[in-house]
Structure formats: structure tokens, C-alpha cells
Amino acid sequence: MVKIAVLGYGTVGSGVVKVIDDNHEEVKNSAGEEVEVKYILDLRDFPGDKHEAQVVHDIEVILNDPEIKVICETMGGIEPAFTFEKRALESGKSVCTSNKELVAAHGPELVELAAKNNVSYLFEASVGGGIPEIRALNDSLKHEKIDSIMGILNGTTNYILTKMEKEGAGFATVLKRAQEKGYAERNPEADIEGYDACRKIAILASLMSGEYVHYEDIYTEGITKITIEDFEYAAKLDMTIKLLGMCKKNDDRFFAIVAPFLVPKDNILASVNNVFNAITVHGNMLGDVMFYGKGAGKEATASAVVADVVDIVRHMDKHICINMNGKKAQLTAKDNAVRQFLVRVSANEADDAKELFGTNITEIENNLGEFAFITDLISEKHFEEKKNTLKTVKGYIRVL
Ligand code: HSE
């Protein structure tokens, strides 16, 4: 029997305990031995809870217990989670976590610490909730030359964009509804400004490069400027709008971005709706593969944490190698990326816009009293320069 501890008895932590309770036999069969939750660390007591006897308030109880072989950190945030994880690894305990903030900020250092102590550091649940894309990248796709990872990595913003498109409701109205339904946090900044998706693509980009992609180096735009009118244009173009995180490698260039994109309806990502996430990966031999599923939620995210527990138990006393090290990856600036853009300016600036962007633009008819067009292919740098000379830009969106 393997005894584990769960740090944090919130949504994901209680989900981990539930998965181990409800799927006890399945977990035992896949791990090769029984898995028991010996401790649950939380500041609170849980009187009446089936597991109230396992609740402890002092991390030392867990760190000093040689019976504990695996720690599931589901507290979130940087501290004290970072200190607890480091001390666990140094004590010869493997760690698995759903904590994307911590993995994005210190993942490579924790992977290296795990290797040094011949234990494992796994973080399947940190990206895409229950979707098993990290294990696939780290295992089934390890022999591939991956040159692109792209996806819808945030459920809250995908829910908001889906409702805006399908119901014609404005951003603020849908955000309020998402908060009432409990999808969006009371402080939704990390989701709607793209920071959450940025941390997730930073983790995937690190796995893709084998180095450390720092999330602060990734150009990030959220969805707060997207309007109903943008969706009207998208519909005319047979497209929709999705917040995408992507990292791409060609020749020596390695580039990552998070931003809303116009996505053609025949692209598979266009049909990923509501709180679902999807991640497409392109390998040089495999071609495209896509992972789709619940990117958030108690059971789904907990299922991914338990998958890591199972992996660790199956590889007990070994370090599971993760393709990530502390060397900082060199990202190229977004300036050289070439793409098309939808641009909206006031009707009275149409001539200036035509002169700036040339004859290869495609105008889009509208009854909004504005001039809207799709640019020819243009580099991010040149687009930015031209856009900044226009005085009445009402919005712009990249085209996938
Ligand atoms: N706030 C995140 C989302 C939760 O909406 O996707 C899962 O990481």
C-alpha cells in the first residue's frame, strides 16, 4: 500500500480524495497497489466529513512521516505551496500538482530538484484540467519533433466568447452570468486578461522546447475588448473568435502568443465551445493530433492529479523524466510573425486606411458606419506601425 497526502482540501483537493474513494479499485489496479490518503492538510477543520480524521494543520506532520511517498499539492498560488513542494522533494517524496501558477513560475527548478532526489515532479492537471496532454507530450510524443502547440486553454473565456457568439450578449453581461454560475472568479482578471492561458502555454512551450519559457516573455492579450460587432464581422467571414494560446517553432525561431483570433468555422478549434478546452499539437512525423475535454472542474482536474499519483506509484523509487530544464528559452519577438488582421476604423478614415494598407485588403460591408477590412499578410511589427498612425481604430483581431 502507498500512502499519500493531499495539501489543500478545496475544490481540486477534495476531488482528489473523491477520485481515490470512488475509483478505489481502478486506482489500485492501474497503480499496482492500493493507494490510501493518510493526511489532508488544510487550515480548516471539516467536522462531519468522511475524512475529518485525516485532516492535519501542520505540514511537518506530513514531511516527517516516512510512510508518505507522494504529495498532491492542490493549494494553488506560489507560497506556501512552493516551500512545501521543495521540502517534500528534498525529503524524498514525489509531488504532483494542479498548481499552474507555481509550475509556470518554478516548474524547471522543481523538476531538477526531483531528479536530484530521485523522485518525481508531475503536473498533468496544471494545463487543460483533466485532459491528458502533458503525459502525451512527455511520453507518446517524446520522439516527435513538435513544431506547434496551439489551443483553447481557458474555460471561462471560452464560455464567455461562446455565449457572446450564440446569444448576441455583450461581454459584461456574459461575464456577470459566468460569475453567477461560478465559472468565472469574483476577480476574473487572470482569465479575461489572458494571464491564465499565458501560464498554461508557457508550461506547454517549456515542454516543447525542453527549456524554460517564462510566462512574462509571452505577448498576451485578453478578451475584454471583444464586442458583439466583432462577432457580427466574424459571422460574415464564416469565422468565430477564440482566445488562443500558441507556440510555434520554425527554423531557429521560437515564438509564443496569447490573443483572441478569428478562427475559420472549418477549423476544429472553432467547434470547441463553452467551458471546454482543446489543444492541438503538430509533430513532424505524426502530423496533427488534438486533445479535447474539460479544462476545469473538480472531478476532471482531480482525475489528472490522480493519474500522476498512479504514474508515480508505478515508477516508485525512480525519477520520471520530464523534458524541461532551467535554461531560459530564447523566444523571438512577435514582430516577425506574419498574419492577417481584421481592422475596424471610422468611415471617415477609410481612405487613409486604404492608403496605408494597400490595395490587397478585403473590405467587409457593414451598417455600423465604419470601414472594416481584412489586411493582406503583414508582419506584427508593420501592422502595429500602421495601426498606430490611424486615429479611429475601433478594434482589430488577428486571423488564424
Ligand atoms: N480559471 C481556469 C479556467 C480554471 O477558466 O480555465 C482552470 O485552470
# chains A, B, ... in the order shown; residues from 1 in each chain; ligands from 1

call {"tool": "residues_near_ligand", "arguments": {"ligand": "ligand 1", "cutoff": "10 Å", "atoms": "only C-alpha atoms and all ligand atoms", "output": "VMD selection string"}}
result
chain A and resid 98 to 101 125 to 130 152 to 159 183 to 185 188 to 192 195 to 197 199 to 200 275 to 277 294 to 298 301

call {"tool": "residues_around", "arguments": {"residues": "Asp311 in chain A", "least_positions_apart": "5", "cutoff": "12 Å", "atoms": "only C-alpha atoms", "output": "list in words"}}
result
Val27, Lys28, Asn29, Ser30, Ala31, Gly32, Glu33, Val35, Val70, Ser94, Val95, Cys96, Val119, Ser120, Tyr121, Leu122, Phe123, Glu124, Arg135, Asp139, Ala304, Val305, Val306, Met316, Asp317, Lys318, His319, Ile320 and Cys321 of chain A

call {"tool": "residues_around", "arguments": {"residues": "range 234-238 of chain A", "least_positions_apart": "2", "cutoff": "8 Å", "atoms": "only C-alpha atoms", "output": "list of chain:residue names"}}
result
A:Asp230, A:Phe231, A:Glu232, A:Thr240, A:Ile241, A:Leu262, A:Pro264, A:Lys265

call {"tool": "write_last_selection", "arguments": {"atoms": "N, CA, C and O atoms", "output": "PDB file, in the first residue's frame"}}
result
ATOM      1  N   ASP A 230     -17.742  42.631 -33.308  1.00  0.00           N
ATOM      2  CA  ASP A 230     -16.670  41.754 -33.803  1.00  0.00           C
ATOM      3  C   ASP A 230     -17.244  40.398 -34.211  1.00  0.00           C
ATOM      4  O   ASP A 230     -16.836  39.810 -35.215  1.00  0.00           O
ATOM      5  N   PHE A 231     -18.182  39.905 -33.396  1.00  0.00           N
ATOM      6  CA  PHE A 231     -18.794  38.617 -33.744  1.00  0.00           C
ATOM      7  C   PHE A 231     -19.655  38.722 -35.008  1.00  0.00           C
ATOM      8  O   PHE A 231     -19.763  37.763 -35.770  1.00  0.00           O
ATOM      9  N   GLU A 232     -20.257  39.915 -35.228  1.00  0.00           N
ATOM     10  CA  GLU A 232     -21.042  40.090 -36.471  1.00  0.00           C
ATOM     11  C   GLU A 232     -20.115  39.998 -37.690  1.00  0.00           C
ATOM     12  O   GLU A 232     -20.444  39.363 -38.682  1.00  0.00           O
ATOM     13  N   THR A 240     -15.304  32.352 -36.259  1.00  0.00           N
ATOM     14  CA  THR A 240     -15.688  32.706 -34.904  1.00  0.00           C
ATOM     15  C   THR A 240     -14.467  33.315 -34.219  1.00  0.00           C
ATOM     16  O   THR A 240     -13.412  33.471 -34.857  1.00  0.00           O
ATOM     17  N   ILE A 241     -14.620  33.686 -32.940  1.00  0.00           N
ATOM     18  CA  ILE A 241     -13.482  34.297 -32.228  1.00  0.00           C
ATOM     19  C   ILE A 241     -13.139  33.427 -31.024  1.00  0.00           C
ATOM     20  O   ILE A 241     -14.024  33.082 -30.232  1.00  0.00           O
ATOM     21  N   LEU A 262      -9.526  35.340 -34.928  1.00  0.00           N
ATOM     22  CA  LEU A 262     -10.634  34.924 -35.782  1.00  0.00           C
ATOM     23  C   LEU A 262     -10.275  33.533 -36.299  1.00  0.00           C
ATOM     24  O   LEU A 262      -9.206  33.350 -36.899  1.00  0.00           O
ATOM     25  N   PRO A 264     -11.453  30.286 -38.619  1.00  0.00           N
ATOM     26  CA  PRO A 264     -12.411  29.809 -39.623  1.00  0.00           C
ATOM     27  C   PRO A 264     -13.281  28.687 -39.065  1.00  0.00           C
ATOM     28  O   PRO A 264     -12.800  27.837 -38.314  1.00  0.00           O
ATOM     29  N   LYS A 265     -14.560  28.709 -39.427  1.00  0.00           N
ATOM     30  CA  LYS A 265     -15.501  27.727 -38.885  1.00  0.00           C
ATOM     31  C   LYS A 265     -15.105  26.288 -39.204  1.00  0.00           C
ATOM     32  O   LYS A 265     -15.490  25.357 -38.503  1.00  0.00           O
TER      33      LYS A 265
END

call {"tool": "residues_around", "arguments": {"residues": "Lys86 in chain A", "least_positions_apart": "3", "cutoff": "12 Å", "atoms": "only C-alpha atoms", "output": "ChimeraX atom specification"}}
result
/A:63,71,73,78-83,89-96,102,106-107,109-114,116-117,119-121

call {"tool": "closest_residue", "arguments": {"among": "A:Ser148, A:Asn366, A:Asn388, A:Asn23", "to": "Asn250 in chain A", "atoms": "only C-alpha atoms"}}
result
A:Ser148

call {"tool": "select_by_dssp", "arguments": {"residues": "range 29-266 of chain A", "states": "helix (DSSP H, G or I)", "output": "NGL selection string"}}
result
:A and (29-31 or 52-54 or 59-63 or 81-90 or 100-116 or 124-126 or 133-138 or 155-167 or 171-180 or 189-192 or 195-209 or 215-217 or 228-236)

call {"tool": "atom_distance", "arguments": {"atom1": "CA of Ile59 in chain A", "atom2": "CA of Leu7 in chain A"}}
result
8.5 Å

call {"tool": "residues_around", "arguments": {"residues": "Val174 in chain A", "least_positions_apart": "6", "cutoff": "9 Å", "atoms": "only C-alpha atoms", "output": "list in words"}}
result
Tyr159, Ile160, Leu161, Lys163 and Met164 of chain A

call {"tool": "closest_residue", "arguments": {"among": "A:Val213, A:Leu243, A:Ala300, A:Ile131", "to": "Ile279 in chain A", "atoms": "only C-alpha atoms"}}
result
A:Ile131

call {"tool": "closest_residue", "arguments": {"among": "A:Glu52, A:Thr227, A:Ile201, A:Ala333", "to": "Glu165 in chain A", "atoms": "only C-alpha atoms"}}
result
A:Thr227

call {"tool": "closest_residue", "arguments": {"among": "A:Ile146, A:Met290, A:Leu41, A:Val2", "to": "Val55 in chain A", "atoms": "only C-alpha atoms"}}
result
A:Leu41

call {"tool": "residues_around", "arguments": {"residues": "Pro108 in chain A", "least_positions_apart": "3", "cutoff": "10 Å", "atoms": "only C-alpha atoms", "output": "ChimeraX atom specification"}}
result
/A:103-105,111-114,121,203,206-207,210-213,322-328

call {"tool": "atom_distance", "arguments": {"atom1": "CA of Glu133 in chain A", "atom2": "CA of Leu286 in chain A"}}
result
14.9 Å

call {"tool": "atom_distance", "arguments": {"atom1": "CA of Asp22 in chain A", "atom2": "CA of Ala307 in chain A"}}
result
14.2 Å

call {"tool": "closest_residue", "arguments": {"among": "A:Gly287, A:Pro132, A:Gly76, A:Gly369", "to": "Ser303 in chain A", "atoms": "only C-alpha atoms"}}
result
A:Pro132
